[in-house]
Structure formats: C-alpha cells, structure tokens
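Below: work19.pdb (PDB, C-alpha atoms)
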```pdb
ATOM      1  CA  MET A   1      24.862 -21.702  -3.692
ATOM      2  CA  ALA A   2      28.377 -20.251  -3.911
ATOM      3  CA  ASN A   3      30.062 -18.697  -0.847
ATOM      4  CA  GLY A   4      26.968 -19.159   1.279
ATOM      5  CA  SER A   5      25.036 -16.656  -0.829
ATOM      6  CA  LEU A   6      21.261 -16.806  -0.442
ATOM      7  CA  ILE A   7      20.827 -15.940  -4.092
ATOM      8  CA  THR A   8      21.052 -18.890  -6.412
ATOM      9  CA  ASP A   9      21.988 -18.785 -10.097
ATOM     10  CA  GLU A  10      18.442 -19.870 -10.839
ATOM     11  CA  MET A  11      17.132 -16.718  -9.119
ATOM     12  CA  ARG A  12      19.593 -14.456 -10.925
ATOM     13  CA  LYS A  13      18.448 -15.827 -14.266
ATOM     14  CA  LEU A  14      14.882 -14.793 -13.443
ATOM     15  CA  ILE A  15      15.607 -11.081 -13.072
ATOM     16  CA  GLY A  16      13.540  -9.266 -15.677
ATOM     17  CA  VAL A  17      11.587 -12.349 -16.741
ATOM     18  CA  THR A  18       7.794 -12.198 -16.566
ATOM     19  CA  LEU A  19       6.779 -14.771 -13.970
ATOM     20  CA  ASP A  20       3.076 -14.539 -13.872
ATOM     21  CA  THR A  21      -0.019 -12.912 -15.306
ATOM     22  CA  ILE A  22      -3.093 -12.492 -13.126
ATOM     23  CA  VAL A  23      -6.457 -11.017 -14.080
ATOM     24  CA  PHE A  24      -8.102  -8.824 -11.447
ATOM     25  CA  LYS A  25     -11.731  -7.769 -11.367
ATOM     26  CA  VAL A  26     -12.505  -4.505  -9.633
ATOM     27  CA  GLU A  27     -15.934  -4.827  -8.048
ATOM     28  CA  GLU A  28     -18.006  -2.194  -6.299
ATOM     29  CA  GLY A  29     -18.542  -4.266  -3.149
ATOM     30  CA  ALA A  30     -14.851  -5.089  -2.917
ATOM     31  CA  ILE A  31     -13.948  -1.382  -3.061
ATOM     32  CA  GLN A  32     -16.489  -0.599  -0.325
ATOM     33  CA  ARG A  33     -15.195  -3.393   1.924
ATOM     34  CA  TYR A  34     -11.640  -2.140   1.475
ATOM     35  CA  ALA A  35     -12.667   1.423   2.367
ATOM     36  CA  GLN A  36     -14.576   0.136   5.418
ATOM     37  CA  ALA A  37     -11.603  -1.967   6.563
ATOM     38  CA  ILE A  38      -9.318   1.047   6.842
ATOM     39  CA  GLY A  39     -12.094   3.330   8.062
ATOM     40  CA  ASP A  40     -12.091   5.683   5.076
ATOM     41  CA  PRO A  41     -15.499   7.382   4.690
ATOM     42  CA  ASN A  42     -14.612   9.192   1.428
ATOM     43  CA  PRO A  43     -17.773   9.077  -0.756
ATOM     44  CA  LEU A  44     -15.629   8.541  -3.886
ATOM     45  CA  PHE A  45     -14.839   5.077  -2.497
ATOM     46  CA  ASN A  46     -18.099   4.340  -0.671
ATOM     47  CA  ASP A  47     -21.067   5.889  -2.460
ATOM     48  CA  PRO A  48     -21.654   4.730  -6.067
ATOM     49  CA  ASP A  49     -24.358   7.352  -6.698
ATOM     50  CA  TYR A  50     -22.105  10.153  -5.559
ATOM     51  CA  ALA A  51     -19.061   8.817  -7.402
ATOM     52  CA  SER A  52     -20.973   8.328 -10.666
ATOM     53  CA  LYS A  53     -21.617  12.097 -10.788
ATOM     54  CA  THR A  54     -17.911  12.945 -10.500
ATOM     55  CA  ARG A  55     -15.380  13.048 -13.348
ATOM     56  CA  TYR A  56     -14.581   9.397 -12.574
ATOM     57  CA  GLY A  57     -18.113   8.289 -13.496
ATOM     58  CA  ARG A  58     -18.030   5.236 -11.219
ATOM     59  CA  LEU A  59     -17.022   4.148  -7.736
ATOM     60  CA  LEU A  60     -13.306   4.874  -7.539
ATOM     61  CA  ALA A  61     -10.861   2.339  -6.105
ATOM     62  CA  LEU A  62      -8.641   3.498  -3.246
ATOM     63  CA  PRO A  63      -4.996   4.041  -4.231
ATOM     64  CA  GLY A  64      -3.295   0.669  -4.512
ATOM     65  CA  PHE A  65      -6.509  -1.373  -4.493
ATOM     66  CA  THR A  66      -6.703  -3.435  -7.657
ATOM     67  CA  GLY A  67      -9.643  -5.724  -6.914
ATOM     68  CA  TRP A  68      -9.706  -9.468  -6.605
ATOM     69  CA  PRO A  69      -7.893 -12.012  -8.753
ATOM     70  CA  ALA A  70     -10.219 -14.023 -10.994
ATOM     71  CA  LYS A  71      -8.318 -17.122  -9.805
ATOM     72  CA  ALA A  72      -6.844 -17.642  -6.337
ATOM     73  CA  GLY A  73      -3.462 -16.149  -5.579
ATOM     74  CA  ARG A  74      -2.109 -12.623  -5.503
ATOM     75  CA  PRO A  75       1.108 -11.590  -7.288
ATOM     76  CA  THR A  76       3.383 -11.261  -4.246
ATOM     77  CA  GLU A  77       1.918 -14.353  -2.574
ATOM     78  CA  LYS A  78       2.737 -16.431  -5.623
ATOM     79  CA  LEU A  79       6.186 -14.886  -5.742
ATOM     80  CA  PHE A  80       6.841 -15.781  -2.064
ATOM     81  CA  ALA A  81       6.027 -19.406  -2.793
ATOM     82  CA  PHE A  82       8.175 -19.330  -5.893
ATOM     83  CA  LEU A  83      11.209 -17.866  -4.096
ATOM     84  CA  VAL A  84      10.980 -20.334  -1.216
ATOM     85  CA  LYS A  85      10.794 -23.186  -3.721
ATOM     86  CA  ALA A  86      13.912 -21.798  -5.401
ATOM     87  CA  GLY A  87      15.727 -22.101  -2.063
ATOM     88  CA  ALA A  88      15.286 -18.618  -0.547
ATOM     89  CA  PRO A  89      14.798 -18.362   3.266
ATOM     90  CA  ALA A  90      11.280 -19.175   4.434
ATOM     91  CA  ARG A  91      10.981 -16.320   6.931
ATOM     92  CA  ILE A  92       9.375 -13.507   4.995
ATOM     93  CA  LEU A  93       8.516  -9.901   5.797
ATOM     94  CA  ASP A  94       6.931  -7.261   3.622
ATOM     95  CA  GLY A  95       9.560  -4.526   3.219
ATOM     96  CA  GLY A  96       7.538  -1.789   1.598
ATOM     97  CA  ILE A  97       6.093  -0.674  -1.702
ATOM     98  CA  ASP A  98       6.311   2.064  -4.313
ATOM     99  CA  PHE A  99       3.257   2.843  -6.423
ATOM    100  CA  GLU A 100       2.922   4.872  -9.563
ATOM    101  CA  PHE A 101      -0.691   5.689 -10.442
ATOM    102  CA  ILE A 102      -1.287   6.468 -14.098
ATOM    103  CA  GLU A 103      -4.972   5.916 -14.939
ATOM    104  CA  PRO A 104      -7.862   5.939 -12.439
ATOM    105  CA  VAL A 105      -9.059   2.481 -11.336
ATOM    106  CA  GLY A 106     -12.738   2.025 -10.567
ATOM    107  CA  ALA A 107     -15.664  -0.385 -10.317
ATOM    108  CA  GLY A 108     -16.122  -2.497 -13.426
ATOM    109  CA  ASP A 109     -12.494  -2.317 -14.509
ATOM    110  CA  VAL A 110     -10.578  -5.467 -15.353
ATOM    111  CA  LEU A 111      -6.827  -5.334 -14.768
ATOM    112  CA  THR A 112      -4.229  -7.720 -16.112
ATOM    113  CA  ALA A 113      -1.219  -7.796 -13.812
ATOM    114  CA  THR A 114       2.159  -9.086 -14.908
ATOM    115  CA  THR A 115       4.820  -9.749 -12.307
ATOM    116  CA  LYS A 116       8.551  -9.829 -12.734
ATOM    117  CA  ILE A 117      11.542  -9.780 -10.438
ATOM    118  CA  ALA A 118      13.197  -6.400 -10.965
ATOM    119  CA  ASN A 119      16.114  -6.989  -8.609
ATOM    120  CA  VAL A 120      17.553  -9.372  -6.026
ATOM    121  CA  ALA A 121      20.073  -8.253  -3.413
ATOM    122  CA  GLU A 122      21.420  -9.477  -0.099
ATOM    123  CA  ARG A 123      23.126  -7.932   2.880
ATOM    124  CA  GLU A 124      23.774  -8.506   6.545
ATOM    125  CA  THR A 125      21.064  -6.961   8.762
ATOM    126  CA  ARG A 126      20.011  -7.322  12.395
ATOM    127  CA  LEU A 127      17.992 -10.320  11.158
ATOM    128  CA  GLY A 128      21.223 -11.983   9.937
ATOM    129  CA  LYS A 129      21.887 -12.683   6.287
ATOM    130  CA  THR A 130      18.928 -11.112   4.536
ATOM    131  CA  MET A 131      17.656 -11.221   0.976
ATOM    132  CA  PHE A 132      15.756  -8.337  -0.658
ATOM    133  CA  THR A 133      13.696  -9.025  -3.749
ATOM    134  CA  THR A 134      11.993  -6.262  -5.708
ATOM    135  CA  ALA A 135       8.868  -7.481  -7.475
ATOM    136  CA  GLU A 136       7.581  -5.215 -10.226
ATOM    137  CA  VAL A 137       3.916  -5.524 -11.103
ATOM    138  CA  THR A 138       2.356  -3.740 -14.090
ATOM    139  CA  TYR A 139      -1.444  -3.476 -14.224
ATOM    140  CA  VAL A 140      -3.009  -2.943 -17.657
ATOM    141  CA  ASN A 141      -6.713  -2.069 -17.748
ATOM    142  CA  HIS A 142      -9.404  -3.392 -20.087
ATOM    143  CA  LYS A 143      -8.821  -0.414 -22.396
ATOM    144  CA  GLY A 144      -5.233  -1.555 -22.896
ATOM    145  CA  LYS A 145      -3.708   1.287 -20.865
ATOM    146  CA  VAL A 146      -1.200   0.883 -18.044
ATOM    147  CA  ALA A 147      -3.245   1.915 -14.996
ATOM    148  CA  LEU A 148      -0.571   1.536 -12.335
ATOM    149  CA  LYS A 149       2.753  -0.013 -11.498
ATOM    150  CA  SER A 150       4.103  -1.200  -8.189
ATOM    151  CA  TRP A 151       7.479  -2.231  -6.846
ATOM    152  CA  ALA A 152       7.236  -4.331  -3.705
ATOM    153  CA  THR A 153      10.210  -5.241  -1.531
ATOM    154  CA  ILE A 154      10.179  -8.758  -0.127
ATOM    155  CA  ILE A 155      12.514  -9.424   2.799
ATOM    156  CA  GLN A 156      13.624 -13.003   3.485
ATOM    157  CA  PHE A 157      15.888 -14.131   6.278
TER     158      PHE A 157
ATOM    159  CA  MET B   1     -13.757  15.534   4.044
ATOM    160  CA  ALA B   2     -11.975  18.833   4.395
ATOM    161  CA  LYS B   3     -12.358  21.644   1.878
ATOM    162  CA  GLN B   4     -10.401  21.523  -1.359
ATOM    163  CA  VAL B   5      -6.722  22.463  -1.094
ATOM    164  CA  TYR B   6      -5.227  24.443  -3.996
ATOM    165  CA  TYR B   7      -1.688  24.631  -5.324
ATOM    166  CA  GLU B   8      -1.497  28.309  -4.342
ATOM    167  CA  ASP B   9      -2.319  27.414  -0.729
ATOM    168  CA  VAL B  10       0.697  25.218  -0.099
ATOM    169  CA  GLU B  11       4.364  25.968   0.416
ATOM    170  CA  VAL B  12       7.384  23.843   1.180
ATOM    171  CA  GLY B  13       6.937  22.918   4.842
ATOM    172  CA  THR B  14       3.127  23.025   4.801
ATOM    173  CA  ASP B  15       1.726  20.289   7.036
ATOM    174  CA  ILE B  16      -0.675  17.720   5.671
ATOM    175  CA  THR B  17      -3.759  17.453   7.888
ATOM    176  CA  PRO B  18      -2.858  14.626  10.330
ATOM    177  CA  LEU B  19      -5.033  11.508  10.386
ATOM    178  CA  PRO B  20      -5.369   9.391  13.555
ATOM    179  CA  LYS B  21      -5.807   5.610  13.336
ATOM    180  CA  ILE B  22      -6.211   2.833  15.871
ATOM    181  CA  ALA B  23      -5.134  -0.632  14.744
ATOM    182  CA  THR B  24      -7.078  -3.340  16.554
ATOM    183  CA  THR B  25      -7.153  -7.114  16.212
ATOM    184  CA  ARG B  26     -10.622  -6.623  14.771
ATOM    185  CA  MET B  27      -9.351  -4.183  12.126
ATOM    186  CA  LEU B  28      -6.600  -6.638  11.125
ATOM    187  CA  VAL B  29      -9.165  -9.368  10.487
ATOM    188  CA  GLN B  30     -11.301  -6.941   8.503
ATOM    189  CA  TRP B  31      -8.259  -5.821   6.517
ATOM    190  CA  ALA B  32      -7.205  -9.403   5.777
ATOM    191  CA  GLY B  33     -10.647 -10.094   4.346
ATOM    192  CA  ALA B  34     -10.794  -6.874   2.339
ATOM    193  CA  SER B  35      -7.256  -6.968   0.972
ATOM    194  CA  GLY B  36      -6.898 -10.702   0.468
ATOM    195  CA  ASP B  37      -3.736 -10.894   2.579
ATOM    196  CA  PHE B  38      -4.249 -14.016   4.672
ATOM    197  CA  ASN B  39      -0.701 -14.315   5.991
ATOM    198  CA  PRO B  40      -1.085 -15.926   9.471
ATOM    199  CA  LEU B  41       1.626 -13.558  10.717
ATOM    200  CA  HIS B  42      -1.241 -11.138  11.366
ATOM    201  CA  TYR B  43      -3.583 -13.384  13.368
ATOM    202  CA  ASP B  44      -1.843 -16.566  14.553
ATOM    203  CA  GLU B  45       0.083 -16.200  17.839
ATOM    204  CA  GLU B  46       2.217 -19.335  17.410
ATOM    205  CA  PHE B  47       3.060 -18.524  13.808
ATOM    206  CA  ALA B  48       4.028 -14.945  14.684
ATOM    207  CA  LYS B  49       6.297 -16.279  17.429
ATOM    208  CA  ALA B  50       7.933 -18.753  15.036
ATOM    209  CA  MET B  51       8.501 -15.956  12.514
ATOM    210  CA  GLY B  52      10.385 -14.011  15.156
ATOM    211  CA  VAL B  53       8.023 -11.037  15.558
ATOM    212  CA  GLY B  54       6.641 -12.011  18.984
ATOM    213  CA  THR B  55       2.902 -11.610  18.526
ATOM    214  CA  PRO B  56       0.777 -10.828  15.431
ATOM    215  CA  ILE B  57       1.768  -7.537  13.819
ATOM    216  CA  VAL B  58      -0.124  -4.878  11.888
ATOM    217  CA  HIS B  59       0.028  -5.464   8.115
ATOM    218  CA  GLY B  60       2.487  -3.113   6.441
ATOM    219  CA  ALA B  61      -0.005  -2.712   3.613
ATOM    220  CA  LEU B  62      -2.691  -1.556   6.057
ATOM    221  CA  LYS B  63      -0.394   1.254   7.201
ATOM    222  CA  ARG B  64       0.288   2.011   3.540
ATOM    223  CA  ALA B  65      -3.482   2.216   2.967
ATOM    224  CA  TRP B  66      -3.760   4.665   5.890
ATOM    225  CA  LEU B  67      -1.135   6.820   4.186
ATOM    226  CA  GLY B  68      -3.192   6.606   0.999
ATOM    227  CA  GLN B  69      -6.148   8.032   2.940
ATOM    228  CA  LEU B  70      -3.930  10.726   4.462
ATOM    229  CA  MET B  71      -3.154  11.874   0.930
ATOM    230  CA  THR B  72      -6.594  11.478  -0.705
ATOM    231  CA  ASP B  73      -8.243  13.295   2.227
ATOM    232  CA  TRP B  74      -5.780  16.149   1.919
ATOM    233  CA  ILE B  75      -5.639  16.572  -1.877
ATOM    234  CA  GLY B  76      -9.437  16.381  -2.094
ATOM    235  CA  GLU B  77     -11.571  15.366  -5.003
ATOM    236  CA  GLU B  78      -9.817  17.642  -7.491
ATOM    237  CA  GLY B  79      -6.349  16.459  -6.564
ATOM    238  CA  LYS B  80      -4.671  13.494  -8.192
ATOM    239  CA  LEU B  81      -2.354  11.127  -6.369
ATOM    240  CA  LYS B  82       0.458  10.143  -8.717
ATOM    241  CA  LYS B  83       2.925   8.302  -6.517
ATOM    242  CA  LEU B  84       2.892   6.720  -3.087
ATOM    243  CA  SER B  85       5.816   4.919  -1.460
ATOM    244  CA  CYS B  86       6.534   3.636   2.001
ATOM    245  CA  GLN B  87       8.826   1.321   3.867
ATOM    246  CA  TYR B  88       7.692  -0.940   6.667
ATOM    247  CA  ARG B  89      10.552  -0.206   9.064
ATOM    248  CA  GLY B  90       9.098  -0.803  12.494
ATOM    249  CA  MET B  91       6.691  -3.440  13.776
ATOM    250  CA  ASP B  92       3.358  -2.255  15.111
ATOM    251  CA  TYR B  93       1.138  -4.349  17.355
ATOM    252  CA  PRO B  94      -2.658  -3.975  17.321
ATOM    253  CA  ARG B  95      -4.713  -3.087  20.364
ATOM    254  CA  ARG B  96      -6.736  -6.015  21.718
ATOM    255  CA  MET B  97     -10.506  -5.704  21.966
ATOM    256  CA  LYS B  98     -12.409  -4.869  25.151
ATOM    257  CA  THR B  99     -15.860  -5.428  23.668
ATOM    258  CA  MET B 100     -16.895  -6.546  20.178
ATOM    259  CA  GLU B 101     -16.588  -3.000  18.922
ATOM    260  CA  GLU B 102     -14.413  -1.175  21.427
ATOM    261  CA  PRO B 103     -10.625  -1.537  21.701
ATOM    262  CA  ARG B 104      -8.735  -1.696  24.958
ATOM    263  CA  ASP B 105      -6.719   1.346  25.979
ATOM    264  CA  GLY B 106      -3.432   1.679  24.159
ATOM    265  CA  GLU B 107      -1.601   3.582  21.512
ATOM    266  CA  THR B 108      -3.019   5.693  18.703
ATOM    267  CA  TRP B 109      -1.148   5.924  15.433
ATOM    268  CA  TRP B 110      -0.901   9.197  13.538
ATOM    269  CA  CYS B 111      -0.456   9.540   9.808
ATOM    270  CA  LYS B 112       1.350  12.793   9.117
ATOM    271  CA  GLY B 113       3.233  14.551   6.388
ATOM    272  CA  LYS B 114       4.575  17.777   4.982
ATOM    273  CA  VAL B 115       5.276  19.308   1.602
ATOM    274  CA  THR B 116       8.933  19.031   0.566
ATOM    275  CA  ARG B 117       8.765  20.483  -2.948
ATOM    276  CA  LYS B 118       6.300  22.201  -5.290
ATOM    277  CA  TYR B 119       6.808  22.567  -9.026
ATOM    278  CA  GLU B 120       5.076  22.653 -12.388
ATOM    279  CA  GLU B 121       5.744  20.005 -14.976
ATOM    280  CA  GLY B 122       3.888  18.864 -18.084
ATOM    281  CA  GLY B 123       1.038  21.279 -17.379
ATOM    282  CA  GLU B 124       0.507  19.912 -13.874
ATOM    283  CA  ARG B 125       1.013  21.579 -10.494
ATOM    284  CA  LEU B 126       2.817  19.022  -8.404
ATOM    285  CA  VAL B 127       3.639  18.683  -4.735
ATOM    286  CA  GLU B 128       6.096  16.211  -3.293
ATOM    287  CA  CYS B 129       5.453  15.197   0.277
ATOM    288  CA  GLU B 130       7.237  13.365   3.016
ATOM    289  CA  ILE B 131       4.683  11.176   4.788
ATOM    290  CA  TRP B 132       4.802   8.715   7.645
ATOM    291  CA  VAL B 133       2.912   6.721  10.243
ATOM    292  CA  GLU B 134       4.083   7.272  13.790
ATOM    293  CA  ASN B 135       3.310   5.055  16.754
ATOM    294  CA  GLY B 136       2.232   6.085  20.252
ATOM    295  CA  LYS B 137       5.844   6.862  21.179
ATOM    296  CA  GLY B 138       6.216   9.209  18.218
ATOM    297  CA  GLU B 139       8.490   6.799  16.306
ATOM    298  CA  LYS B 140       8.113   6.767  12.534
ATOM    299  CA  THR B 141       7.484   3.075  11.896
ATOM    300  CA  THR B 142       6.360   3.624   8.310
ATOM    301  CA  PRO B 143       8.185   6.432   6.497
ATOM    302  CA  GLY B 144       7.329   7.237   2.910
ATOM    303  CA  SER B 145       6.726   9.822   0.237
ATOM    304  CA  ALA B 146       4.004  10.906  -2.143
ATOM    305  CA  LEU B 147       3.572  12.974  -5.287
ATOM    306  CA  ALA B 148       0.258  14.646  -6.088
ATOM    307  CA  ALA B 149      -1.134  17.095  -8.618
ATOM    308  CA  LEU B 150      -3.245  19.887  -7.134
ATOM    309  CA  PRO B 151      -5.821  22.137  -8.795
ATOM    310  CA  VAL B 152      -5.375  25.900  -9.119
ATOM    311  CA  ARG B 153      -7.927  28.473  -8.005
ATOM    312  CA  LYS B 154     -10.197  29.561 -10.797
ATOM    313  CA  LYS B 155      -9.571  33.112 -11.962
ATOM    314  CA  LYS B 156     -12.572  35.414 -11.568
TER     315      LYS B 156
END
```
Starting from the file, give its structure as structure tokens.
Amino acid sequence: MANGSLITDEMRKLIGVTLDTIVFKVEEGAIQRYAQAIGDPNPLFNDPDYASKTRYGRLLALPGFTGWPAKAGRPTEKLFAFLVKAGAPARILDGGIDFEFIEPVGAGDVLTATTKIANVAERETRLGKTMFTTAEVTYVNHKGKVALKSWATIIQF
Amino acid sequence: MAKQVYYEDVEVGTDITPLPKIATTRMLVQWAGASGDFNPLHYDEEFAKAMGVGTPIVHGALKRAWLGQLMTDWIGEEGKLKKLSCQYRGMDYPRRMKTMEEPRDGETWWCKGKVTRKYEEGGERLVECEIWVENGKGEKTTPGSALAALPVRKKK
C-alpha cells in the first residue's frame, strides 16, 4: 500500500477481470415473495394466471429482481468478502446502483451472472478515507441474450 | 393500478404519481428474506452501532425497489422500463412495530418523480425521469433517474 492508499496493486490488476459467475433461477414463488415484501400488488408480479395472458406470457419479475442463486452467495456479497480479503476497509455501505433492462425477466428463466470490477476509486469523505468500487454484473438468460446489466457502487471506509 | 399513461399525455415537468411507503422493522425482515440480503446492518443493533450507523437502517436496495414500483405503476402494463438508477445518500431508519401488523407512529416515505425529457429514438417513445425517495422531513435520501418507453394512443 503506497502513500497510505486504500487501493492495492492487487486490486488495480483486477479491474476488468471477470471474478465470478453465478447461476440464478427465477422462480414464481420468489417473485411473489419479493413483490409482497415491498408491498407491490401489481398483478404482473403477483398473479401467474393474469400474467400468462399478457405479452410476457409468464409471471414477470420486478425490475432488478433476478431470482435466487443456485448456490449460496450473491454477486456483491462475494465481492465484499473478496475486497476485504484483499485488504480493503471492512466497514461497507451500499452506495447505489444503475440498472439497464434489456430483455424481460420472468418465472422459469435461468440467468447466468458474471461479475467484474469496473472501477476502483478513493477520496476523502465525511467518513474519512473512503474507497468506491463499481461492480458490473451482466445477466445472460437461458436463450443466450443479455437480459440486464447492473453497476453497483460499494463504499468502504 | 392506475390507467395507462401514453406518450402524448406527458410533457417535461409532468409529475409521476407519488407512491407512499412505510418502512418498518417487519418490512426489513421480509425484504431480507425476499431479496437474499442478510447483512446484519439491517437487523442487529450492536452490529449497526459498530458499523457507525447508530441503529439498523433501511436497505438501500429496498428503497430502490420502491422506486421500481413508482415507475412500473406509472408506466403501466404497456410501458417498458429501460433504465433505473439511484444513489443511497441518506440513512433511513424503520418504524418500530406497535402490534404484529401495525407500525408505531412515525414518518412516511414518499417516492416521487417528474419527467425531465421526452424524445423518440430507434422507433421508441422515451421519457427520462428524475425520481427520488423522500423522508418525513422532505429530504431526498435516495435520488435517482429512470428511462422508460411509453405507448402511443391508437389512431382511430
């Protein structure tokens, strides 16, 4: 760590490298539970019979919901652990997210998510010396099409 | 759900129908289970204190999901949400529960937004929106933006 920088050479080398691939299954019950948790009564996300008669043909996932990983661990969670192991500060906050939705996601879909670090930056904030990592996740559906992409900001201090 | 909104109906400055939400400790547990985010920051008092946020805070991603509903409610079934972004700027603290179902008195959060641009591109009618979640004091704790395609009215 040169000049007290939080960003190590090891972290810099990982920018743009694919860190992880996770397979997500999008299940009807999981979509319904997600809709219930936020209190969204939209029948597209709650009523399979209704949704099957729409142009989507199946229960639609709420924007940003990508189902459950086939094995334990979600992309950002794994990335947190990875960054802390690489020497980044252990106090972590979720900084925000950008989503781009390309193809609809719905019940029965299988998504393969690949995670990479798009950028690492640091600056002085009211939390002290703070590190900002942008994690880019690309979700490809079972038809081989990119369904969505997300860029999450991880704050460590 | 409200009636379908059409591209012709909106102008720059048009308000998105506001959506009220009440975050409770109960909702945070339900969200953790539904989203798979089991970070103890959102349910463990000691851990939240050690992390420097005081007491358990509302998940940023839950507020993001509220903003998703703000948009999908407004654009209706024929609209298509293309982009959604937000930043978790301010901490929000859930209301505690009075009974199993009923929260104690406290703040209500409002998801709001307005159209900032409308344009046609690639055969789609698009609207860009500024969106946010504001707390009981009217502070925008979760500012963001969205891009959606809207349908046009059918010609008779």
Exercise for review: Name every residue that the PyMOL selection byres ((chain B and resi 113) around 12) selects in this structure, writing the answer as a PyMOL selection string with chains first and numbers rising.
Suggested key: chain B and resi 12-19+67-71+74+110-112+114-116+127-134+140+142-147
Exercise for review: Would you write out, as number ranges by chain, every residue that the ChimeraX specification (/A :<6) & /B captures in this file?
Suggested key: B: 30-31, 34, 82-88
**Study point:** Picked residues, the PyMOL selection byres ((chain B and resi 97) around 12), expected as a ChimeraX atom specification
**Key:** /B:22-28,94-96,98-106
Review point. Neighbours of Leu19 in chain A within 8 Å (all atoms listed in the file; same-chain residues fewer than 4 positions away dropped), as a PyMOL selection string?
Key: chain A and resi 114-117
Same residues, C-alpha atoms, output as a tab-separated table (two decimals), in the frame of the given file:
```tsv
chain	number	residue	atom	x	y	z
A	114	THR	CA	2.16	-9.09	-14.91
A	115	THR	CA	4.82	-9.75	-12.31
A	116	LYS	CA	8.55	-9.83	-12.73
A	117	ILE	CA	11.54	-9.78	-10.44
```
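Reported to one decimal place, the separation of CA of Pro56 in chain B from CA of Val137 in chain A is 27.2 Å.
Straight-line separation from CA of Asn141 in chain A to CA of Thr21 in chain A: 13.0 Å.
If you measure from each of A:Ala70, A:Leu83, A:Ala121, A:Leu59 to Asn46 in chain A using all atoms listed in the file, the closest one turns out to be A:Leu59.
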